[in-house]
There are 6 protein chains.
Amino acid sequence: MAVFDIQPIVSELAYIRQQWRVAQGRPLESGGRNFPSPQALKAIIKDLTGILFPMRLGPIDLRQESEDFYVGHTLDSALHALLSQVKLELAYQHRQAPLDADTLEQQSIDLVQSFAQALPEIRRKLDSDTLAAYAGDPAARSVDEILLCYPGVYAMIHHRIAHEFYKRELPLLARMSSEIAHSETGIDIHPGAQIGEHFFIDHGTGVVIGETAIIGNNVRIYQHVTLGAKRFPADPDGALTKGLPRHPIVEDDVVIYAGATILGRVTLGKGCTIGGNVWLIHDVPPGAHVTQAGYQGTTSSDPACIAENGNGVQIRQR
Amino acid sequence: MAVFDIQPIVSELAYIRQQWRVAQGRPLESGGRNFPSPQALKAIIKDLTGILFPMRLGPIDLRQESEDFYVGHTLDSALHALLSQVKLELAYQHRQAPLDADTLEQQSIDLVQSFAQALPEIRRKLDSDTLAAYAGDPAARSVDEILLCYPGVYAMIHHRIAHEFYKRELPLLARMSSEIAHSETGIDIHPGAQIGEHFFIDHGTGVVIGETAIIGNNVRIYQHVTLGAKRFPADPDGALTKGLPRHPIVEDDVVIYAGATILGRVTLGKGCTIGGNVWLIHDVPPGAHVTQAGYQGTTSSDPACIAENGNGVQIRQR
Amino acid sequence: MAVFDIQPIVSELAYIRQQWRVAQGRPLESGGRNFPSPQALKAIIKDLTGILFPMRLGPIDLRQESEDFYVGHTLDSALHALLSQVKLELAYQHRQAPLDADTLEQQSIDLVQSFAQALPEIRRKLDSDTLAAYAGDPAARSVDEILLCYPGVYAMIHHRIAHEFYKRELPLLARMSSEIAHSETGIDIHPGAQIGEHFFIDHGTGVVIGETAIIGNNVRIYQHVTLGAKRFPADPDGALTKGLPRHPIVEDDVVIYAGATILGRVTLGKGCTIGGNVWLIHDVPPGAHVTQAGYQGTTSSDPACIAENGNGVQIRQR
Amino acid sequence: MAVFDIQPIVSELAYIRQQWRVAQGRPLESGGRNFPSPQALKAIIKDLTGILFPMRLGPIDLRQESEDFYVGHTLDSALHALLSQVKLELAYQHRQAPLDADTLEQQSIDLVQSFAQALPEIRRKLDSDTLAAYAGDPAARSVDEILLCYPGVYAMIHHRIAHEFYKRELPLLARMSSEIAHSETGIDIHPGAQIGEHFFIDHGTGVVIGETAIIGNNVRIYQHVTLGAKRFPADPDGALTKGLPRHPIVEDDVVIYAGATILGRVTLGKGCTIGGNVWLIHDVPPGAHVTQAGYQGTTSSDPACIAENGNGVQIRQR
Amino acid sequence: MAVFDIQPIVSELAYIRQQWRVAQGRPLESGGRNFPSPQALKAIIKDLTGILFPMRLGPIDLRQESEDFYVGHTLDSALHALLSQVKLELAYQHRQAPLDADTLEQQSIDLVQSFAQALPEIRRKLDSDTLAAYAGDPAARSVDEILLCYPGVYAMIHHRIAHEFYKRELPLLARMSSEIAHSETGIDIHPGAQIGEHFFIDHGTGVVIGETAIIGNNVRIYQHVTLGAKRFPADPDGALTKGLPRHPIVEDDVVIYAGATILGRVTLGKGCTIGGNVWLIHDVPPGAHVTQAGYQGTTSSDPACIAENGNGVQIRQR
Amino acid sequence: MAVFDIQPIVSELAYIRQQWRVAQGRPLESGGRNFPSPQALKAIIKDLTGILFPMRLGPIDLRQESEDFYVGHTLDSALHALLSQVKLELAYQHRQAPLDADTLEQQSIDLVQSFAQALPEIRRKLDSDTLAAYAGDPAARSVDEILLCYPGVYAMIHHRIAHEFYKRELPLLARMSSEIAHSETGIDIHPGAQIGEHFFIDHGTGVVIGETAIIGNNVRIYQHVTLGAKRFPADPDGALTKGLPRHPIVEDDVVIYAGATILGRVTLGKGCTIGGNVWLIHDVPPGAHVTQAGYQGTTSSDPACIAENGNGVQIRQR
């Protein structure tokens, strides 16, 4: 006698899938999968990471004198693997009106070639991020420790790759790339966010940076910082309007301490400092120091709390 | 000559294990392991995930026309693998007074069969969660992106499975299941929590939902939200009383923004909104909007802050 | 025709690596990798975990009667694997003035042997942590569930190992060890932190404990707690002064609830309690209960909020 | 300094590849690989083996009640994997005048569908082979032992699959299939050989059966038996004429003992027996018993080497 | 539209399996697999090989000072894995009249314990085989090269293990063990064969040694040697009589050169030599040298060919 | 209670190892393993195979335009892996009088560099072997089929590599290399054998070619051919004299058919043909055709059998 009664469960699951497909307007009977594969992408990004930093994040037995061989071989292999994924995403985008095969192929090749050309600039920016981390963390012993160990740098490697996918209108690949880093680090940067050079996230768990955020050069943020949206406009049917600018602009040289929450399309002016746990939904002028006020544990004589401007933001002028 | 002096360390470790076993009343000399295996469970849940969503989370080469073959085969295999783990957990539960083999076998089969029958309902609820995410996140491009990429959905797949283990009094399997998702996503939902349909967690890192929490339909929460306990009653010996209702009740249509902390057996009434970083230990009436008041960065003219009821909760009536 | 034009990208990447090496004073042409490997370390720590808890975290088929065989064999193997990594780190530390091979070998052996001798004490402390978790969490069903499932214990296994590397001046191995746990659990404990016995972190995601923190016995903390630094003194060139005591001292029997942030070299006195979301940059006297005051959601009649001492800390005397 | 001087070797190898390509008329600069992959084929055949014998050679945890699920799922997956390989082989065959993509696709699908329809007949024949082995080997304990352990059956599973590829003019896939078995068993059956039912090869190492051999039903052969070609006609340029019938015809009910060598297009008549080490280049009449004559220990007057009549034993017709 | 039409093939395969089960008297509907697993056995034998020769065939990083830890741990693990396989085989043997669970368990434990006690004697004999190879092959450079590289020794490791299974009436495990070696080496020794000490097989491909062969000490054989059966008595129904002595007895100090075939229950007397390609179906007296006679390539003055006794065997007296 | 009584077996095994070490003059207490690793070597040879034939035996996704990158990277990696193995073998060779570390390192580097320089010549010879196979087998459809499928070519890839190790006095690595091919193909070529260009082994199972054999250009052999030694001279103590020339010399353009056995330091003259199953221990003049004579199955009118010279060799003059 069979141990388990499987058939009714199989049928019921099939029935529910059928309902979903009807509701979503999907084909009911046959066809293959046409999404990019997170597993395949993970392997590609691992290769790209090695290509960008061969002697630190590439194969353990690599030697400097044969770096170019390794980079060239791995790049060719990674780009062809990426080509397959790009074709899947393009086909998915055009599932209602499929591209002909040649167009799909050529568009995919062009996208991948263009992505590849961005790699040197990605490396240059990541070098600046590494230096920023070394400058910003007294516990850091060496630039190598940072590249090998710091989750903030790991997240930025993924973000700077994901952002290139996003710019080329490959949102699934972009999102999958950023979620790899989110899962490993607890740092959730939407691939749409624009981030300058010398960017450093310390500790990082709980950081959220939204799709339309714009961050200048030389910015430093800590764990639990949110650069989020305040509200989501909806159209008359109640559907959310997608793509509007709705996250903060952070200018150069800003520092945002742990737990601060900045919401909406506000601007943090050049060189300002946002204190820990601060909750901000207004602009901050350049050079200002914003802190929590009146919260338990801060004496009224704290020099960080001496002024408040018209927006109710407490600011200490430099 | 030996490089390392191993024997004294082996002996000392054995001595400490002995002490532990004496203190815990465990057998000292022999016997095998009788816990379920997290690794085995991880593989089972991966199979269950494929069974629930074959064309999106199943094998990459699966085609729609042979879904039922795949589902049936994988289900049979996963249920037998689960049967082994259930037997281990039952044996562990009864380690003081072991069940006879036939009883253990039959109870385990019954539990697994009953679990399997819950799978279609799990899928139905997860479909509703996916739709809720699509409706609730302006950055979402498609329902497929959500299932493939969103950590909140990943966490809910695991929770809805874990909760079925919990209901069948398999707390180790339940906890191991939820910790798989916790580790991947930073979302920590106790398997005991009761969660309705159309539930959406955005970003998710840092979310904590306690064992006795009850959540209605159509609820949306953001990163760092805690639905926790306020205090733990202890018995006269100082041991914690286990199992008492101690976490919030969240009614239908509630939204809880990032960083809010709700503690204790309070009720958030239908349709209310809890603002970011709010700290709540009292009930909230239906339809109320609760925000932080007086905190730095909020002007007193913010319409969200115009009223405060007797409980010290600031509420804006709709 | 070639699908992608690889060579210019390879060349450009080589040029940027060259720039980095020049700027960092690194050798330009040849040489192998001389960092420890995170992957190798991960395998070593997995073995050490099995050595410490053979019947719960060791191989699934192990039986108690042959534990010592397993422990002895695995220990020998793990220590030799560790020896390779220690030699890599020592060589890296001395890369400007390389040690001769015999000195390097002998120093490495001494470090590993000394590390090995710390293992029994690590186990003893971890047993106390497990008991603390069982006593502190009403949802815990057994001590075994805690060791198998709780991320806080997983983090402490890694921390107690990492701290032994840190004490032996192996900062890369120490940091890699703690980042393994950080990635899995969202708990970020710097390997330099000194932590006593019976330590329990519940939920854990978002916890940050800094390099010079000192924690006594019987301390309990929850998710999102930060024991951080307030400011970083810099030398006249603007470089951060490294290694100064800059994180809190937490005395015995302290409880710190979720989201609390304690910054700077302050002391939390024996037996005090820090409420959720509290932001603290001053000392707290023994036995005090510190909570958020005046924040939304706390009634003024809450007995937790009745007094405030000179430091602006609200305290309820026991 | 680099340890090894790699570049000159890379260049020299490139030069030799160039020479080969010029000599073989191959493209010199670019292009991907267009051969089927032995590794991919090996996985496909492993799946086909499970499909043919699910409860004995399929997954270890399969249960009879869900065989059809397993067979259906694995068949679909294996056929699509085979489709990729068939397309590679067809493209290779037509490399001088490539097929258009649709034709290639459709021809490949037709070949694979037709192959799939042959599977039940393959199973039926393999069942007969298993019964033949059981009947023919006094050391066999059960039919299951034969299927699980006997290299002769393993070789026939591969041959019967390879022969279907051969019949569909897929010589590379056919040859790769037979070489998998050759490597595992030392039994070398060309995929072109036609073999009837109830065929049994005992021990098997060293057996060689040529491309145009034809074997009837109920034939039994032992290790080191060769059914080979005697000579290869060449055309006026010295190139071998390919495809001519040049290997033996073995009629029903023949037994060929170890080490016998039968060369050329000879016919072994129904029910004849060929003794060990016999070397044969002539036809043998039905029912005859052929043995070595003049072998060590047998004089030319040995009564075993004269013609013998009525009982059909030991005949040497010159 | 579905690419392939799967369902009719699934049904047809099911029908053929049904026919087989009816013909073999097997259960038709449900049930799991109850054969030992060749893959599981392969892993067990790999462990046993390491246990027998830890420093040469055990883990690459093992050191002599911790051999006993390794041996003890691996032995315990391997014996428990073997216990599972033995239970499967016993259950298979008793499938018509199943043993009760306790009897099955206890009989299996007894068989495994008894097997384990044979391991030291196996090692002792294999050491003698290694010495025999070193003494017998002028190309051997060291005893270590022999253990690491020689297929004859690899085959004997498997045979001496398989023979212990055979003696304990576990024919499936025995046969699977010997087929592992057969596949790797082309040496086919039936597990029933009894082989003395100091046994050496050089080159080995094509060697066949039958079930009831008995081989003394200090015997050396070369590739393609067959110790086979001459004929198989059948009972009145035509079924082969199983288990009768039907293979040669080879006394001490015999050498058998490549390609020799010895068939039937004959005795090769102590110290005799059998020349290459000799075909023998009669006894050979002690000390005799048997060679091919009259074959092409041997001059009549060869001293090896000077005498022939009454049995037609050419013998040179020592 | 423990299931198995392990300790006595561990002790007995330790005692037998002790006996072996005493007898072999090995260190008794401690130390690591100092043999090359067959597994490591297998991976190295797999890489070398890809380096030699990148588009046919290299990675499946390689494209011609990036061959040099692949070859360069893999070569560097494979040579460093080989360097480790060479150091192990040199250390083993000098285990009685260890080399100092620098000498060991430098000698190893020199050996590996010299080996690497032989690779282009190896490829050139293997191309000639492939062409020889295509010319010699009427069943071959293309040169690619031969490289991808023919065991004879696989064996020659390994032999030509193994022979380079042999020439550099690395007998363990050489032997391990040839045994990899022996196990896969049943073709046993001692690494010492000297083999010219355009060499083709068809079918191959059972071929044995001895250490001091010398084979010219354009030679073709079939399955079961042995080029062996006739007898082994021993010194007065009975130990075999190692290294003497004792295997055949085969001149250019010779063909040796299946099963032929050629023993001793004889010479097969240019262009001669050796028939199937022939047993030869004398020289053969150039151009001769040697066949079995008088055996059953050869008619006396066969033109291959018309003459016999003084050596008892039957020859048909060309």
# chains A, B, ... in the order shown; residues from 1 in each chain; ligands from 1
$ interface_residues --of "chain F" --to "chain B" --cutoff "12 Å" --atoms "only C-alpha atoms" --output "JSON, numbers by chain"
{"F": [1, 2, 3, 4, 5, 27, 28, 29, 30, 31, 32]}
$ residues_around --residues "Asp47 of chain D" --least-positions-apart "6" --cutoff "9 Å" --atoms "only C-alpha atoms" --output "PDB file with C-alpha atoms, in the first residue's frame"
ATOM      1  CA  GLY D  58      16.495   4.964 -10.462  1.00  0.00           C
ATOM      2  CA  THR D  74      12.716  12.563 -15.801  1.00  0.00           C
ATOM      3  CA  LEU D  75      11.756  11.625 -19.349  1.00  0.00           C
ATOM      4  CA  SER D  77      13.869  16.565 -18.682  1.00  0.00           C
ATOM      5  CA  ALA D  78      16.123  13.981 -20.349  1.00  0.00           C
TER       6      ALA D  78
END
$ residues_around --residues "segment 211-219 of chain A" --least-positions-apart "6" --cutoff "6 Å" --atoms "only C-alpha atoms" --output "list in words"
His190, Gly192, Ala193, Gln194, Ile195, Gly196, Glu197, His198, Phe199, Pro245, His247, Pro248, Ile249, Val250, Glu251, Asp252, Asp253, Val254 and Val255 of chain A
$ write_last_selection --atoms "all heavy atoms" --output "CSV table (one decimal), in the first residue's frame"
chain,number,residue,atom,x,y,z
A,190,HIS,N,18.5,49.4,-3.6
A,190,HIS,CA,17.8,49.2,-4.9
A,190,HIS,C,18.8,49.5,-6.0
A,190,HIS,O,19.5,50.5,-6.0
A,190,HIS,CB,16.6,50.1,-5.0
A,190,HIS,CG,15.6,49.7,-6.1
A,190,HIS,ND1,15.9,49.9,-7.4
A,190,HIS,CD2,14.5,49.0,-6.0
A,190,HIS,CE1,15.0,49.4,-8.1
A,190,HIS,NE2,14.1,48.8,-7.3
A,192,GLY,N,18.4,50.9,-8.7
A,192,GLY,CA,18.3,52.2,-9.3
A,192,GLY,C,19.0,53.3,-8.6
A,192,GLY,O,19.2,54.3,-9.2
A,193,ALA,N,19.4,53.1,-7.4
A,193,ALA,CA,20.0,54.2,-6.6
A,193,ALA,C,21.3,54.6,-7.3
A,193,ALA,O,22.1,53.8,-7.7
A,193,ALA,CB,20.3,53.8,-5.2
A,194,GLN,N,21.6,56.0,-7.4
A,194,GLN,CA,22.8,56.5,-8.0
A,194,GLN,C,23.7,56.9,-6.9
A,194,GLN,O,23.4,57.7,-6.0
A,194,GLN,CB,22.5,57.7,-8.8
A,194,GLN,CG,21.5,57.4,-10.0
A,194,GLN,CD,21.0,58.7,-10.6
A,194,GLN,OE1,21.8,59.6,-10.9
A,194,GLN,NE2,19.7,58.8,-10.8
A,195,ILE,N,24.9,56.3,-6.9
A,195,ILE,CA,25.9,56.5,-5.8
A,195,ILE,C,27.2,56.9,-6.3
A,195,ILE,O,27.8,56.2,-7.2
A,195,ILE,CB,26.0,55.2,-4.9
A,195,ILE,CG1,24.6,54.7,-4.5
A,195,ILE,CG2,27.0,55.3,-3.8
A,195,ILE,CD1,24.6,53.5,-3.6
A,196,GLY,N,27.8,58.0,-5.7
A,196,GLY,CA,29.1,58.5,-6.2
A,196,GLY,C,30.2,57.7,-5.7
A,196,GLY,O,30.1,56.5,-5.3
A,197,GLU,N,31.4,58.3,-5.7
A,197,GLU,CA,32.6,57.6,-5.3
A,197,GLU,C,32.9,57.7,-3.8
A,197,GLU,O,32.2,58.5,-3.1
A,197,GLU,CB,33.8,58.2,-6.1
A,197,GLU,CG,33.6,58.2,-7.6
A,197,GLU,CD,34.8,58.5,-8.4
A,197,GLU,OE1,35.9,58.8,-7.8
A,197,GLU,OE2,34.8,58.5,-9.7
A,198,HIS,N,33.9,57.0,-3.4
A,198,HIS,CA,34.3,57.0,-2.0
A,198,HIS,C,33.1,56.9,-1.0
A,198,HIS,O,32.9,57.6,-0.1
A,198,HIS,CB,35.0,58.3,-1.7
A,198,HIS,CG,36.4,58.4,-2.2
A,198,HIS,ND1,36.7,58.8,-3.5
A,198,HIS,CD2,37.6,58.1,-1.7
A,198,HIS,CE1,38.0,58.8,-3.7
A,198,HIS,NE2,38.6,58.3,-2.6
A,199,PHE,N,32.3,55.8,-1.3
A,199,PHE,CA,31.1,55.6,-0.5
A,199,PHE,C,31.4,54.5,0.5
A,199,PHE,O,32.0,53.5,0.1
A,199,PHE,CB,30.0,55.2,-1.4
A,199,PHE,CG,28.6,55.0,-0.7
A,199,PHE,CD1,28.0,56.0,0.0
A,199,PHE,CD2,28.0,53.7,-0.7
A,199,PHE,CE1,26.8,55.8,0.6
A,199,PHE,CE2,26.8,53.5,-0.1
A,199,PHE,CZ,26.2,54.6,0.6
A,245,PRO,N,10.4,60.3,-8.7
A,245,PRO,CA,11.5,60.5,-7.7
A,245,PRO,C,10.8,60.6,-6.4
A,245,PRO,O,9.9,61.4,-6.2
A,245,PRO,CB,12.0,61.9,-8.2
A,245,PRO,CG,11.6,62.1,-9.6
A,245,PRO,CD,10.3,61.4,-9.7
A,247,HIS,N,12.9,59.4,-3.3
A,247,HIS,CA,13.8,59.1,-2.3
A,247,HIS,C,14.8,60.3,-2.1
A,247,HIS,O,14.9,61.1,-3.1
A,247,HIS,CB,14.6,57.8,-2.6
A,247,HIS,CG,13.7,56.6,-2.7
A,247,HIS,ND1,13.3,56.2,-4.0
A,247,HIS,CD2,13.1,55.8,-1.8
A,247,HIS,CE1,12.5,55.1,-3.8
A,247,HIS,NE2,12.4,54.9,-2.5
A,248,PRO,N,15.6,60.3,-1.1
A,248,PRO,CA,16.4,61.5,-0.8
A,248,PRO,C,17.6,61.7,-1.8
A,248,PRO,O,18.0,60.8,-2.4
A,248,PRO,CB,17.0,61.2,0.6
A,248,PRO,CG,16.1,60.2,1.2
A,248,PRO,CD,15.6,59.4,0.1
A,249,ILE,N,18.0,63.0,-1.9
A,249,ILE,CA,19.3,63.3,-2.5
A,249,ILE,C,20.3,63.6,-1.4
A,249,ILE,O,20.0,64.5,-0.5
A,249,ILE,CB,19.1,64.6,-3.4
A,249,ILE,CG1,18.1,64.2,-4.6
A,249,ILE,CG2,20.4,65.1,-3.9
A,249,ILE,CD1,17.7,65.5,-5.3
A,250,VAL,N,21.4,63.0,-1.4
A,250,VAL,CA,22.4,63.1,-0.4
A,250,VAL,C,23.7,63.7,-1.1
A,250,VAL,O,24.3,63.1,-2.0
A,250,VAL,CB,22.8,61.8,0.2
A,250,VAL,CG1,23.9,62.0,1.3
A,250,VAL,CG2,21.6,61.1,0.8
A,251,GLU,N,24.0,65.0,-0.8
A,251,GLU,CA,25.1,65.6,-1.5
A,251,GLU,C,26.5,65.1,-0.9
A,251,GLU,O,26.5,64.4,0.0
A,251,GLU,CB,25.0,67.1,-1.3
A,251,GLU,CG,23.7,67.6,-2.1
A,251,GLU,CD,23.5,69.1,-2.1
A,251,GLU,OE1,24.3,69.8,-1.3
A,251,GLU,OE2,22.7,69.7,-2.8
A,252,ASP,N,27.5,65.6,-1.5
A,252,ASP,CA,28.9,65.2,-1.1
A,252,ASP,C,29.2,65.4,0.4
A,252,ASP,O,28.6,66.3,1.0
A,252,ASP,CB,29.9,66.0,-1.9
A,252,ASP,CG,29.9,65.7,-3.4
A,252,ASP,OD1,29.1,64.8,-3.9
A,252,ASP,OD2,30.6,66.4,-4.1
A,253,ASP,N,30.0,64.5,0.9
A,253,ASP,CA,30.6,64.7,2.2
A,253,ASP,C,29.7,64.6,3.3
A,253,ASP,O,29.9,65.1,4.4
A,253,ASP,CB,31.4,66.1,2.3
A,253,ASP,CG,32.4,66.2,1.1
A,253,ASP,OD1,33.0,65.2,0.8
A,253,ASP,OD2,32.5,67.3,0.6
A,254,VAL,N,28.5,63.9,3.1
A,254,VAL,CA,27.6,63.8,4.2
A,254,VAL,C,27.9,62.5,5.0
A,254,VAL,O,28.4,61.5,4.5
A,254,VAL,CB,26.1,63.7,3.6
A,254,VAL,CG1,25.1,63.3,4.7
A,254,VAL,CG2,25.8,65.0,3.0
A,255,VAL,N,27.6,62.6,6.3
A,255,VAL,CA,27.7,61.4,7.2
A,255,VAL,C,26.4,61.2,7.8
A,255,VAL,O,25.8,62.1,8.3
A,255,VAL,CB,28.8,61.6,8.3
A,255,VAL,CG1,28.8,60.3,9.2
A,255,VAL,CG2,30.1,61.9,7.7
$ residues_around --residues "Pro285 of chain F" --least-positions-apart "5" --cutoff "8 Å" --atoms "only C-alpha atoms" --output "PDB file with N, CA, C and O atoms, in the first residue's frame"
ATOM      1  N   LEU F 268      60.761  -6.184 -34.427  1.00  0.00           N
ATOM      2  CA  LEU F 268      59.826  -6.400 -35.526  1.00  0.00           C
ATOM      3  C   LEU F 268      60.237  -5.424 -36.613  1.00  0.00           C
ATOM      4  O   LEU F 268      60.123  -4.207 -36.455  1.00  0.00           O
ATOM      5  N   GLY F 269      60.730  -5.970 -37.716  1.00  0.00           N
ATOM      6  CA  GLY F 269      61.322  -5.131 -38.767  1.00  0.00           C
ATOM      7  C   GLY F 269      60.318  -4.225 -39.451  1.00  0.00           C
ATOM      8  O   GLY F 269      59.120  -4.517 -39.522  1.00  0.00           O
ATOM      9  N   LYS F 270      60.847  -3.192 -40.022  1.00  0.00           N
ATOM     10  CA  LYS F 270      60.027  -2.150 -40.676  1.00  0.00           C
ATOM     11  C   LYS F 270      59.001  -2.765 -41.618  1.00  0.00           C
ATOM     12  O   LYS F 270      59.336  -3.582 -42.484  1.00  0.00           O
ATOM     13  N   CYS F 272      56.605  -4.898 -41.229  1.00  0.00           N
ATOM     14  CA  CYS F 272      56.065  -6.248 -41.088  1.00  0.00           C
ATOM     15  C   CYS F 272      54.663  -6.216 -40.484  1.00  0.00           C
ATOM     16  O   CYS F 272      54.222  -5.215 -39.927  1.00  0.00           O
TER      17      CYS F 272
END
$ closest_residue --among "C:Gln117, C:Thr267, C:Thr130, C:Ser11" --to "Glu164 of chain C" --atoms "only C-alpha atoms"
C:Gln117
$ residues_around --residues "segment 223-233 of chain A" --least-positions-apart "2" --cutoff "9 Å" --atoms "only C-alpha atoms" --output "ChimeraX atom specification"
/A:187,201-211,213,221,235,238-242,244-249,256-265,276-277,281 /B:137-138,206,224,258 /C:206,208,224
